[in-house]
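**Student:** Right, I'll just put the structure down here and ask away after.
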Amino acid sequence: MDQSYKPPRVIGLAGATLMNLNGVIGAGIFALPALLYAGAGSYAPLAIFAFALLSCSTLAIFGRLSTRFDQSGGPQLYVEYAFGRFAGFEAGWCIMGANIAARAANFHVIVAYLAAIFPVFDDPVIRLVTIMALIAAFTLLAISGTRRSIGALWVGTALKVTPILLLCIVGLFTSGIPDEFVAPQFSEVEATALLLAYAFSGGGVSTITAGETRNAQRTVFLSMYINLAIVAALYVLVQLTYVAIAPEAANMDRPLAAAGEAVFGAWGGILISIAAIFSIGTGQLNYFVAMPRLFYGMGRRGLLPRHFASISSRFDTPWFAITVYGFIIAALALSGTFRSLAELMVATETLVVIAGICAFIAMWVRNSSGFAKGMGVLWGGITMIAIAFNLWLLAQVPWSAALPTGGILLVGALIYLIARRRDGDVEAIHIAQT
């Protein structure tokens, strides 16, 4: 492997923020308002802000870590640096497993929305052909160049956010700010917490593509904070609009579409459904661009076969990693076995976050390359809050998910033992000095 041949750094602050934004805003925003209203009542906007504030503790830790690394991998890279190759492989395995399962599930969701507008997509054969065509298209687009993919993300983001903002502006203008009080259902606290955890997940995608980001140690850090502010504001705006327009809408499975119909008539529902298609599709493309860089980074560092580190001489993209990513998603989408894995996404992601926090603590205690410089009581408090918050989130996951999660870790351990490579032809992890 030619260590000197790497993808160029073409992602700036706007692109990194865009990737974080599309990592968070996908299918969830179109179901979030009704579910949050059912659990938190009139306190739903405050619950969103509270969750965003608590998330700042975790964000601060991963933001601090991102300022010391400029290689691709994100949390997987941090865990590998702090605890070694096996721990790093398991972290990458958990991240990738949960992500691939979610991607496979979301392709079915896209076609379901298409079928709501064009019934022909209800045909099982057409449904599967459409899913395979979408996976192939996203794979080829991701291979064709990072700049081109980022450009497509800008277009998709505009097409999905514009109808939502239009609904919010017109809906609040015609209905006013909601003034009725609905008490929260305290029995739904756990479900609401897991829902918000899912809704805010994906905000650190830019850490995974740090190896292709300009001035990564500053850009990635800023992009995560900017994204959290945008997402929290948008979620609150959408929640207020939904409550003002249609809290008792009949179609609770498609609450924003019901709100669109209440404001604009039948065309409003269609408009929001189209926005949902673009939202989910853009989120899918976002991960086709970002997540294969995890495979790529693990390939460069010898945790996966060296083919995963192959770079296209024409497009400057990790073509092999992207292709394998697409093939696995296609297989899961066809088999349907992704459904049980998708339910574990919050559990596995929270485990990786906790591992990342432990890596932060380990680097602080060891003072890795001067990491402890500038750390003090404030960072101690932030770390305690982050640990308590994420352990609490993990405790909300049903016990029924424990055995499958353990199974995922065990399978990852077996794959590591089979695929590990410890020769000298690997890229070392380097950390910036203070």
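Scheme for the structure tokens: letters A, B, ... for chains in order shown; per-chain residue numbers from 1; ligand numbers from 1 in order shown.
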Which residues are near Phe138 (chain A)? Cut-off 10 Å, only C-alpha atoms, ignore same chain within fewer than 6 positions. Put them as number ranges by chain.
**Tutor:** A: 144, 149, 281-282, 284-289, 322, 326
**Student:** List as an NGL selection string the protein and nucleic acid residues near region 92-101 of chain A, meaning an atom at most 10 Å away when only C-alpha atoms are counted, but skip any in the same chain fewer than 3 places from it.
**Tutor:** :A and (73-77 or 79-80 or 86-89 or 104-106 or 202 or 287-288 or 291-292 or 294-295 or 297-298 or 303 or 325-326 or 328-330 or 332-333 or 336-353 or 405 or 408-409 or 411-413 or 415-416)
**Student:** Within 8 Å of Leu36 (chain A), counting only C-alpha atoms, which residues qualify if same-chain residues fewer than 6 places away don't, as a list in words?
**Tutor:** Ala44, Thr192 and Leu195 of chain A
**Student:** For the contact check between region 169-285 of chain A and region 8-32 of chain A, emit one row per residue of region 169-285 of chain A within 10 Å, containing the shortest atom pair and the distance in Å rounded to one decimal, counting only C-alpha atoms, chain then rising number order, as CSV.
**Tutor:**
residue,atom,partner,partner_atom,distance
A:Thr192,CA,A:Leu32,CA,9.9
A:Leu195,CA,A:Leu32,CA,7.8
A:Leu196,CA,A:Leu32,CA,8.4
A:Tyr198,CA,A:Gly28,CA,7.8
A:Ala199,CA,A:Gly28,CA,5.9
A:Phe200,CA,A:Val24,CA,5.7
A:Ser201,CA,A:Val24,CA,5.7
A:Gly202,CA,A:Gly23,CA,4.5
A:Gly203,CA,A:Asn20,CA,4.7
A:Gly204,CA,A:Asn20,CA,5.9
A:Val205,CA,A:Asn20,CA,5.2
A:Ser206,CA,A:Ala16,CA,5.3
A:Thr207,CA,A:Ala16,CA,8.8
A:Thr209,CA,A:Ala16,CA,8.4
A:Ala210,CA,A:Arg9,CA,8.5
A:Gly211,CA,A:Arg9,CA,6.9
A:Glu212,CA,A:Arg9,CA,4.0
A:Thr213,CA,A:Ile11,CA,4.5
A:Arg214,CA,A:Arg9,CA,5.2
A:Asn215,CA,A:Gly12,CA,8.0
A:Ala216,CA,A:Gly12,CA,8.5
A:Arg218,CA,A:Leu13,CA,8.9
A:Thr219,CA,A:Leu13,CA,5.3
A:Val220,CA,A:Ala16,CA,6.6
A:Phe221,CA,A:Leu13,CA,9.5
A:Leu222,CA,A:Leu13,CA,7.5
A:Ser223,CA,A:Thr17,CA,4.5
A:Met224,CA,A:Thr17,CA,6.7
A:Tyr225,CA,A:Thr17,CA,8.8
A:Ile226,CA,A:Thr17,CA,6.9
A:Asn227,CA,A:Thr17,CA,5.8
A:Leu228,CA,A:Leu21,CA,8.2
A:Ile230,CA,A:Leu21,CA,8.0
A:Val231,CA,A:Leu21,CA,7.1
A:Leu234,CA,A:Ile29,CA,9.4
A:Tyr235,CA,A:Ile29,CA,7.4
A:Val238,CA,A:Ile29,CA,8.3
A:Gln239,CA,A:Leu32,CA,8.1
A:Tyr242,CA,A:Leu32,CA,10.0
A:Met252,CA,A:Ala31,CA,8.0
A:Asp253,CA,A:Ala31,CA,6.6
A:Arg254,CA,A:Ala31,CA,6.2
A:Pro255,CA,A:Ala31,CA,6.1
A:Leu256,CA,A:Phe30,CA,5.7
A:Ala257,CA,A:Phe30,CA,7.9
A:Ile272,CA,A:Phe30,CA,8.6
A:Ser273,CA,A:Phe30,CA,9.0
A:Ala275,CA,A:Phe30,CA,9.4
A:Ala276,CA,A:Ala27,CA,6.7
A:Ile277,CA,A:Ala27,CA,8.5
A:Phe278,CA,A:Gly26,CA,8.7
A:Ser279,CA,A:Gly26,CA,5.1
A:Ile280,CA,A:Gly26,CA,4.6
A:Gly281,CA,A:Gly26,CA,7.9
A:Thr282,CA,A:Asn22,CA,6.8
A:Gly283,CA,A:Asn22,CA,5.0
A:Gln284,CA,A:Gly26,CA,8.1
A:Leu285,CA,A:Asn22,CA,8.9
**Student:** Using the selection just defined, write its residues with C-alpha atoms as an mmCIF file, in the first residue's frame.
**Tutor:**
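Contents of result_4.cif, as written:
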data_model
loop_
_atom_site.group_PDB
_atom_site.id
_atom_site.type_symbol
_atom_site.label_atom_id
_atom_site.label_comp_id
_atom_site.auth_asym_id
_atom_site.auth_seq_id
_atom_site.Cartn_x
_atom_site.Cartn_y
_atom_site.Cartn_z
ATOM 1 C CA THR A 192 -39.027 9.976 24.885
ATOM 2 C CA LEU A 195 -36.559 8.923 20.693
ATOM 3 C CA LEU A 196 -34.494 12.078 21.228
ATOM 4 C CA TYR A 198 -32.217 8.639 17.905
ATOM 5 C CA ALA A 199 -33.298 12.059 16.616
ATOM 6 C CA PHE A 200 -29.978 13.697 17.585
ATOM 7 C CA SER A 201 -27.726 10.785 16.579
ATOM 8 C CA GLY A 202 -25.364 11.222 13.648
ATOM 9 C CA GLY A 203 -24.145 14.709 14.517
ATOM 10 C CA GLY A 204 -20.492 13.671 14.514
ATOM 11 C CA VAL A 205 -20.245 12.344 10.961
ATOM 12 C CA SER A 206 -17.559 14.914 10.148
ATOM 13 C CA THR A 207 -15.148 13.162 12.540
ATOM 14 C CA THR A 209 -14.182 12.043 7.215
ATOM 15 C CA ALA A 210 -11.492 14.100 8.977
ATOM 16 C CA GLY A 211 -8.830 12.667 6.674
ATOM 17 C CA GLU A 212 -10.419 14.535 3.749
ATOM 18 C CA THR A 213 -11.198 17.765 5.630
ATOM 19 C CA ARG A 214 -9.209 20.964 5.308
ATOM 20 C CA ASN A 215 -7.702 22.107 8.630
ATOM 21 C CA ALA A 216 -9.486 19.118 10.174
ATOM 22 C CA ARG A 218 -10.409 23.075 13.736
ATOM 23 C CA THR A 219 -13.068 22.446 11.084
ATOM 24 C CA VAL A 220 -14.501 19.238 12.572
ATOM 25 C CA PHE A 221 -14.717 20.810 16.046
ATOM 26 C CA LEU A 222 -16.659 23.860 14.803
ATOM 27 C CA SER A 223 -18.913 21.873 12.480
ATOM 28 C CA MET A 224 -20.319 19.786 15.342
ATOM 29 C CA TYR A 225 -21.297 22.814 17.434
ATOM 30 C CA ILE A 226 -22.826 24.669 14.483
ATOM 31 C CA ASN A 227 -24.803 21.587 13.540
ATOM 32 C CA LEU A 228 -26.184 21.049 17.054
ATOM 33 C CA ILE A 230 -29.131 24.312 13.747
ATOM 34 C CA VAL A 231 -30.729 20.958 14.537
ATOM 35 C CA LEU A 234 -35.168 23.336 13.571
ATOM 36 C CA TYR A 235 -36.626 20.616 15.792
ATOM 37 C CA VAL A 238 -41.139 22.002 13.715
ATOM 38 C CA GLN A 239 -42.519 20.912 17.092
ATOM 39 C CA TYR A 242 -47.075 20.763 14.607
ATOM 40 C CA MET A 252 -50.189 9.901 13.384
ATOM 41 C CA ASP A 253 -47.791 7.824 11.287
ATOM 42 C CA ARG A 254 -47.187 10.813 9.007
ATOM 43 C CA PRO A 255 -47.708 13.811 11.307
ATOM 44 C CA LEU A 256 -45.960 16.444 9.165
ATOM 45 C CA ALA A 257 -47.836 15.286 6.079
ATOM 46 C CA ILE A 272 -44.231 17.045 2.649
ATOM 47 C CA SER A 273 -44.101 13.457 1.377
ATOM 48 C CA ALA A 275 -39.671 16.436 1.143
ATOM 49 C CA ALA A 276 -39.510 13.219 3.181
ATOM 50 C CA ILE A 277 -38.247 11.291 0.152
ATOM 51 C CA PHE A 278 -35.491 13.849 -0.435
ATOM 52 C CA SER A 279 -34.711 13.999 3.292
ATOM 53 C CA ILE A 280 -34.231 10.263 3.653
ATOM 54 C CA GLY A 281 -32.470 10.005 0.293
ATOM 55 C CA THR A 282 -30.032 12.801 1.120
ATOM 56 C CA GLY A 283 -29.331 11.213 4.498
ATOM 57 C CA GLN A 284 -28.627 7.917 2.753
ATOM 58 C CA LEU A 285 -26.217 9.550 0.312
#
**Student:** Counting only C-alpha atoms, which of A:Gly63, A:Met132, A:Arg300, A:Ile126 gets nearest to Phe107 (chain A)?
**Tutor:** A:Met132
**Student:** With distances taken over only C-alpha atoms, which residue among A:Thr130, A:Ser55, A:Val426, A:Ala91 lies nearest Tyr78 (chain A)?
**Tutor:** A:Ala91
**Student:** Which residues are close to Gly380 (chain A), i.e. within 12 Å by only C-alpha atoms, leaving aside same-chain residues fewer than 3 positions away? Reply as an MDAnalysis selection string.
**Tutor:** chainID A and resid 57 60:61 357 360:361 364:365 372 374:377 383:387
**Student:** Generate the output file for the selected residues, N, CA and C atoms, as an mmCIF file, in the first residue's frame.
**Tutor:**
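Written out: part23.cif:
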data_model
loop_
_atom_site.group_PDB
_atom_site.id
_atom_site.type_symbol
_atom_site.label_atom_id
_atom_site.label_comp_id
_atom_site.auth_asym_id
_atom_site.auth_seq_id
_atom_site.Cartn_x
_atom_site.Cartn_y
_atom_site.Cartn_z
ATOM 1 N N SER A 57 -22.333 18.110 26.538
ATOM 2 C CA SER A 57 -21.244 17.518 27.321
ATOM 3 C C SER A 57 -20.506 16.467 26.488
ATOM 4 N N ALA A 60 -18.666 18.232 23.638
ATOM 5 C CA ALA A 60 -17.434 18.890 24.066
ATOM 6 C C ALA A 60 -16.273 17.898 24.100
ATOM 7 N N ILE A 61 -16.552 16.699 24.577
ATOM 8 C CA ILE A 61 -15.500 15.685 24.667
ATOM 9 C C ILE A 61 -15.024 15.256 23.288
ATOM 10 N N ILE A 357 -15.673 8.338 25.384
ATOM 11 C CA ILE A 357 -15.458 9.124 26.605
ATOM 12 C C ILE A 357 -14.343 8.493 27.444
ATOM 13 N N PHE A 360 -11.119 9.455 25.985
ATOM 14 C CA PHE A 360 -10.825 10.829 26.395
ATOM 15 C C PHE A 360 -10.179 10.849 27.781
ATOM 16 N N ILE A 361 -10.771 10.098 28.720
ATOM 17 C CA ILE A 361 -10.243 10.055 30.084
ATOM 18 C C ILE A 361 -8.843 9.439 30.102
ATOM 19 N N TRP A 364 -6.332 11.840 28.827
ATOM 20 C CA TRP A 364 -6.148 12.897 29.827
ATOM 21 C C TRP A 364 -5.218 12.413 30.942
ATOM 22 N N VAL A 365 -5.492 11.211 31.471
ATOM 23 C CA VAL A 365 -4.690 10.670 32.569
ATOM 24 C C VAL A 365 -3.247 10.437 32.125
ATOM 25 N N ALA A 372 -3.379 16.761 28.386
ATOM 26 C CA ALA A 372 -3.929 17.285 29.646
ATOM 27 C C ALA A 372 -3.743 18.791 29.799
ATOM 28 N N GLY A 374 -4.305 22.491 29.842
ATOM 29 C CA GLY A 374 -5.512 23.303 29.816
ATOM 30 C C GLY A 374 -6.729 22.620 30.400
ATOM 31 N N MET A 375 -6.589 21.369 30.839
ATOM 32 C CA MET A 375 -7.713 20.649 31.432
ATOM 33 C C MET A 375 -7.767 20.954 32.928
ATOM 34 N N GLY A 376 -8.960 21.041 33.456
ATOM 35 C CA GLY A 376 -9.104 21.357 34.860
ATOM 36 C C GLY A 376 -10.434 20.918 35.401
ATOM 37 N N VAL A 377 -10.901 21.627 36.433
ATOM 38 C CA VAL A 377 -12.140 21.252 37.110
ATOM 39 C C VAL A 377 -13.336 21.294 36.154
ATOM 40 N N THR A 383 -17.015 15.937 31.912
ATOM 41 C CA THR A 383 -16.839 14.489 31.740
ATOM 42 C C THR A 383 -17.826 13.718 32.602
ATOM 43 N N MET A 384 -18.025 14.152 33.845
ATOM 44 C CA MET A 384 -18.968 13.466 34.733
ATOM 45 C C MET A 384 -20.385 13.535 34.185
ATOM 46 N N ILE A 385 -20.758 14.709 33.671
ATOM 47 C CA ILE A 385 -22.101 14.858 33.098
ATOM 48 C C ILE A 385 -22.264 13.950 31.881
ATOM 49 N N ALA A 386 -21.245 13.918 31.017
ATOM 50 C CA ALA A 386 -21.316 13.096 29.816
ATOM 51 C C ALA A 386 -21.444 11.617 30.154
ATOM 52 N N ILE A 387 -20.667 11.170 31.141
ATOM 53 C CA ILE A 387 -20.739 9.755 31.542
ATOM 54 C C ILE A 387 -22.124 9.431 32.099
#
**Student:** Write out as a VMD selection string the residues lying within 9 Å of Pro318 (chain A), counting only C-alpha atoms and excluding same-chain residues fewer than 6 positions away.
**Tutor:** chain A and resid 6 to 7 143 292 to 293 295 to 296 308 to 312
**Student:** Can you tell me, as number ranges by chain, what residues are no more than 10 Å from Gly171 (chain A) when counting only C-alpha atoms, ignoring any on the same chain fewer than 3 positions away?
**Tutor:** A: 165-168, 174-177, 238, 240-246, 259-260, 262-264
**Student:** What does the structure give for the distance between CA of Leu378 (chain A) and CA of His430 (chain A), in Å to one decimal?
**Tutor:** 26.7 Å
**Student:** Point out the residue among A:Ala34, A:Ile354, A:Ala142, A:Val161 with the least atom-to-atom distance to Thr317 (chain A), counting only C-alpha atoms.
**Tutor:**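 Closest candidate: A:Ala142.
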**Student:** Which one of A:Leu140, A:Ala258, A:Ala50, A:Met363 sits closest to Phe315 (chain A) if you count only C-alpha atoms?
**Tutor:**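 For Phe315 (chain A), the nearest of the given residues is A:Leu140.
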**Student:** Kindly indicate which residue among A:Val236, A:Leu65, A:Thr139, A:Ile274 lies nearest to Phe320 (chain A), using only C-alpha atoms for the distances.
**Tutor:**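 Among the listed residues, the smallest separation from Phe320 (chain A) belongs to A:Thr139.
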**Student:** For Val129 (chain A), find every residue with an atom within 12 Å (counting only C-alpha atoms), except residues of its own chain fewer than 3 positions away, and show them as a ChimeraX atom specification.
**Tutor:** /A:107-108,111,121-126,132-136,330,333-334
**Student:** Can you work out which one of A:Leu414, A:Ala432, A:Ala359, A:Leu394 has the shortest atom-to-atom distance to Tyr81 (chain A), counting only C-alpha atoms?
**Tutor:**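 Result for the nearest residue to Tyr81 (chain A): A:Ala359.
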